[in-house]
Amino acid sequence: MAKKVSKSDFISTGLVAQNRRANFDYQIDKVYIAGLELTGTEVKSLRLGHANINDAYGIEKNGELFISNMFIAEYTNKGYESHAEKRDRKLLLLHKEICEIISELSRKGSTLVAMKLFFNDKGRAKLEVGLGRGKKNYDKRETIKDRDWNRDKKRILINANH
């Protein structure tokens, strides 16, 4: 028998899933906030926080943008209706933004990466996607070095003030 879900378990607004490695693995140039075309059980599963966007990326099909490899778990109290967990989901953006992203994706090395999945103030599911290029290993080492230096700098300043 499926677990009983109470209203307090649902996420009405706020963060559902986050790709923390996106800024580490990619040099993000531009960020877009897109709507998602979802089914009912997908939205209910998102409201419970059952999603993973770590491997999600954007693709172009027939002049439209889709997010691929985004995992949304099956809703437990689904009844007869269900959804595929890793299907391609359509991104809802302005036509100008879609054209901009498609032209950028046609260049070598460009990628559309999922960064955050959240519900906005109106309760609609939104996906923050970043357009960027993959980092090389030496770029990643530079990022780690900068992060460590900023942490040490903050620690030194705090100790100097006391």
# chains A, B, ... in the order shown; residues from 1 in each chain; ligands from 1

call {"tool": "residues_around", "arguments": {"residues": "stretch 107-117 of chain A", "least_positions_apart": "2", "cutoff": "6 Å", "atoms": "only C-alpha atoms", "output": "ChimeraX atom specification"}}
result
/A:16-19,56-58,104-105,126-133

call {"tool": "write_last_selection", "arguments": {"atoms": "N, CA and C atoms", "output": "PDB file, in the first residue's frame"}}
result
ATOM      1  N   VAL A  16      13.257  22.864  -5.310  1.00  0.00           N
ATOM      2  CA  VAL A  16      12.958  21.441  -5.350  1.00  0.00           C
ATOM      3  C   VAL A  16      14.252  20.647  -5.528  1.00  0.00           C
ATOM      4  N   ALA A  17      15.065  21.044  -6.518  1.00  0.00           N
ATOM      5  CA  ALA A  17      16.324  20.355  -6.785  1.00  0.00           C
ATOM      6  C   ALA A  17      17.350  21.351  -7.299  1.00  0.00           C
ATOM      7  N   GLN A  18      18.625  21.054  -7.059  1.00  0.00           N
ATOM      8  CA  GLN A  18      19.696  21.953  -7.464  1.00  0.00           C
ATOM      9  C   GLN A  18      20.869  21.133  -7.995  1.00  0.00           C
ATOM     10  N   ASN A  19      21.490  21.622  -9.057  1.00  0.00           N
ATOM     11  CA  ASN A  19      22.678  20.995  -9.619  1.00  0.00           C
ATOM     12  C   ASN A  19      23.882  21.782  -9.114  1.00  0.00           C
ATOM     13  N   ALA A  56      20.948  16.543 -16.157  1.00  0.00           N
ATOM     14  CA  ALA A  56      20.040  17.111 -17.148  1.00  0.00           C
ATOM     15  C   ALA A  56      20.752  18.122 -18.039  1.00  0.00           C
ATOM     16  N   TYR A  57      20.384  18.105 -19.311  1.00  0.00           N
ATOM     17  CA  TYR A  57      20.944  19.042 -20.287  1.00  0.00           C
ATOM     18  C   TYR A  57      19.881  19.368 -21.329  1.00  0.00           C
ATOM     19  N   GLY A  58      20.067  20.476 -22.032  1.00  0.00           N
ATOM     20  CA  GLY A  58      19.098  20.924 -23.019  1.00  0.00           C
ATOM     21  C   GLY A  58      19.445  20.454 -24.417  1.00  0.00           C
ATOM     22  N   GLU A 104      23.365  29.574 -30.173  1.00  0.00           N
ATOM     23  CA  GLU A 104      24.534  29.366 -29.311  1.00  0.00           C
ATOM     24  C   GLU A 104      24.871  27.876 -29.195  1.00  0.00           C
ATOM     25  N   LEU A 105      23.848  27.010 -29.149  1.00  0.00           N
ATOM     26  CA  LEU A 105      24.074  25.571 -29.046  1.00  0.00           C
ATOM     27  C   LEU A 105      24.709  24.992 -30.310  1.00  0.00           C
ATOM     28  N   LYS A 126       9.432  25.978 -12.376  1.00  0.00           N
ATOM     29  CA  LYS A 126      10.377  26.691 -13.236  1.00  0.00           C
ATOM     30  C   LYS A 126      11.728  25.995 -13.165  1.00  0.00           C
ATOM     31  N   LEU A 127      12.472  26.091 -14.250  1.00  0.00           N
ATOM     32  CA  LEU A 127      13.800  25.503 -14.324  1.00  0.00           C
ATOM     33  C   LEU A 127      14.780  26.593 -14.727  1.00  0.00           C
ATOM     34  N   GLU A 128      15.813  26.775 -13.919  1.00  0.00           N
ATOM     35  CA  GLU A 128      16.871  27.725 -14.249  1.00  0.00           C
ATOM     36  C   GLU A 128      17.925  26.966 -15.033  1.00  0.00           C
ATOM     37  N   VAL A 129      18.144  27.388 -16.281  1.00  0.00           N
ATOM     38  CA  VAL A 129      19.125  26.739 -17.134  1.00  0.00           C
ATOM     39  C   VAL A 129      20.246  27.716 -17.452  1.00  0.00           C
ATOM     40  N   GLY A 130      21.451  27.193 -17.560  1.00  0.00           N
ATOM     41  CA  GLY A 130      22.606  28.023 -17.866  1.00  0.00           C
ATOM     42  C   GLY A 130      23.214  27.611 -19.190  1.00  0.00           C
ATOM     43  N   LEU A 131      23.561  28.615 -19.991  1.00  0.00           N
ATOM     44  CA  LEU A 131      24.197  28.383 -21.276  1.00  0.00           C
ATOM     45  C   LEU A 131      25.679  28.611 -21.105  1.00  0.00           C
ATOM     46  N   GLY A 132      26.488  27.589 -21.355  1.00  0.00           N
ATOM     47  CA  GLY A 132      27.916  27.750 -21.131  1.00  0.00           C
ATOM     48  C   GLY A 132      28.744  26.693 -21.819  1.00  0.00           C
ATOM     49  N   ARG A 133      30.016  26.675 -21.452  1.00  0.00           N
ATOM     50  CA  ARG A 133      30.976  25.731 -22.016  1.00  0.00           C
ATOM     51  C   ARG A 133      31.576  24.898 -20.894  1.00  0.00           C
TER      52      ARG A 133
END

call {"tool": "residues_around", "arguments": {"residues": "stretch 59-70 of chain A", "least_positions_apart": "2", "cutoff": "8 Å", "atoms": "only C-alpha atoms", "output": "list in words"}}
result
Ala51, Asn52, Ile53, Asn54, Asp55, Ala56, Tyr57, Ile72, Glu85, Lys86, Arg87, Asp88, Arg89, Lys90, Leu91, Leu92, Ile98, Ile102, Leu112 and Ala114 of chain A

call {"tool": "closest_residue", "arguments": {"among": "A:Ser82, A:Ser103, A:Thr143, A:Asn161", "to": "A:Leu38", "atoms": "only C-alpha atoms"}}
result
A:Ser82

call {"tool": "select_by_dssp", "arguments": {"residues": "stretch 41-154 of chain A", "states": "alpha helix (DSSP H)", "output": "PyMOL selection string"}}
result
chain A and resi 41-47+95-105+137-154

call {"tool": "write_last_selection", "arguments": {"atoms": "C-alpha atoms", "output": "short mmCIF file (atom, residue, chain, number, x, y, z; two decimals), in the first residue's frame"}}
result
data_model
loop_
_atom_site.label_atom_id
_atom_site.label_comp_id
_atom_site.auth_asym_id
_atom_site.auth_seq_id
_atom_site.Cartn_x
_atom_site.Cartn_y
_atom_site.Cartn_z
CA THR A 41 1.67 13.24 -11.64
CA GLU A 42 5.01 14.92 -12.44
CA VAL A 43 3.92 18.10 -10.66
CA LYS A 44 2.71 16.13 -7.63
CA SER A 45 6.00 14.25 -7.48
CA LEU A 46 7.92 17.56 -7.74
CA ARG A 47 5.87 19.00 -4.89
CA HIS A 95 10.75 32.95 -28.99
CA LYS A 96 13.65 35.40 -28.91
CA GLU A 97 15.34 33.44 -26.11
CA ILE A 98 14.80 30.12 -27.93
CA CYS A 99 16.43 31.47 -31.10
CA GLU A 100 19.32 32.88 -29.04
CA ILE A 101 19.92 29.54 -27.28
CA ILE A 102 19.63 27.45 -30.47
CA SER A 103 22.16 29.63 -32.29
CA GLU A 104 24.53 29.37 -29.31
CA LEU A 105 24.07 25.57 -29.05
CA ASN A 137 40.80 20.48 -15.53
CA TYR A 138 43.09 23.48 -15.14
CA ASP A 139 40.04 25.79 -15.02
CA LYS A 140 38.55 23.64 -12.25
CA ARG A 141 41.81 23.83 -10.28
CA GLU A 142 41.72 27.62 -10.65
CA THR A 143 38.15 27.67 -9.29
CA ILE A 144 39.19 25.60 -6.26
CA LYS A 145 42.20 27.86 -5.67
CA ASP A 146 40.00 31.02 -5.80
CA ARG A 147 37.44 29.49 -3.45
CA ASP A 148 40.13 28.50 -0.92
CA TRP A 149 41.76 31.93 -1.09
CA ASN A 150 38.43 33.73 -0.53
CA ARG A 151 37.69 31.50 2.47
CA ASP A 152 41.16 32.18 3.96
CA LYS A 153 40.83 35.91 3.25
CA LYS A 154 37.49 36.04 5.07
#

call {"tool": "atom_distance", "arguments": {"atom1": "atom CA of A:Gly14", "atom2": "atom CA of A:Gly35"}}
result
14.5 Å

call {"tool": "atom_distance", "arguments": {"atom1": "atom CA of A:Tyr80", "atom2": "atom CA of A:Gly49"}}
result
21.5 Å

call {"tool": "atom_distance", "arguments": {"atom1": "atom CA of A:His50", "atom2": "atom CA of A:Leu36"}}
result
15.8 Å

call {"tool": "select_by_dssp", "arguments": {"residues": "stretch 3-138 of chain A", "states": "strand (DSSP E or B)", "output": "ChimeraX atom specification"}}
result
/A:14-18,26-36,51-52,57-61,64-68,71-72,89-92,110-119,125-134
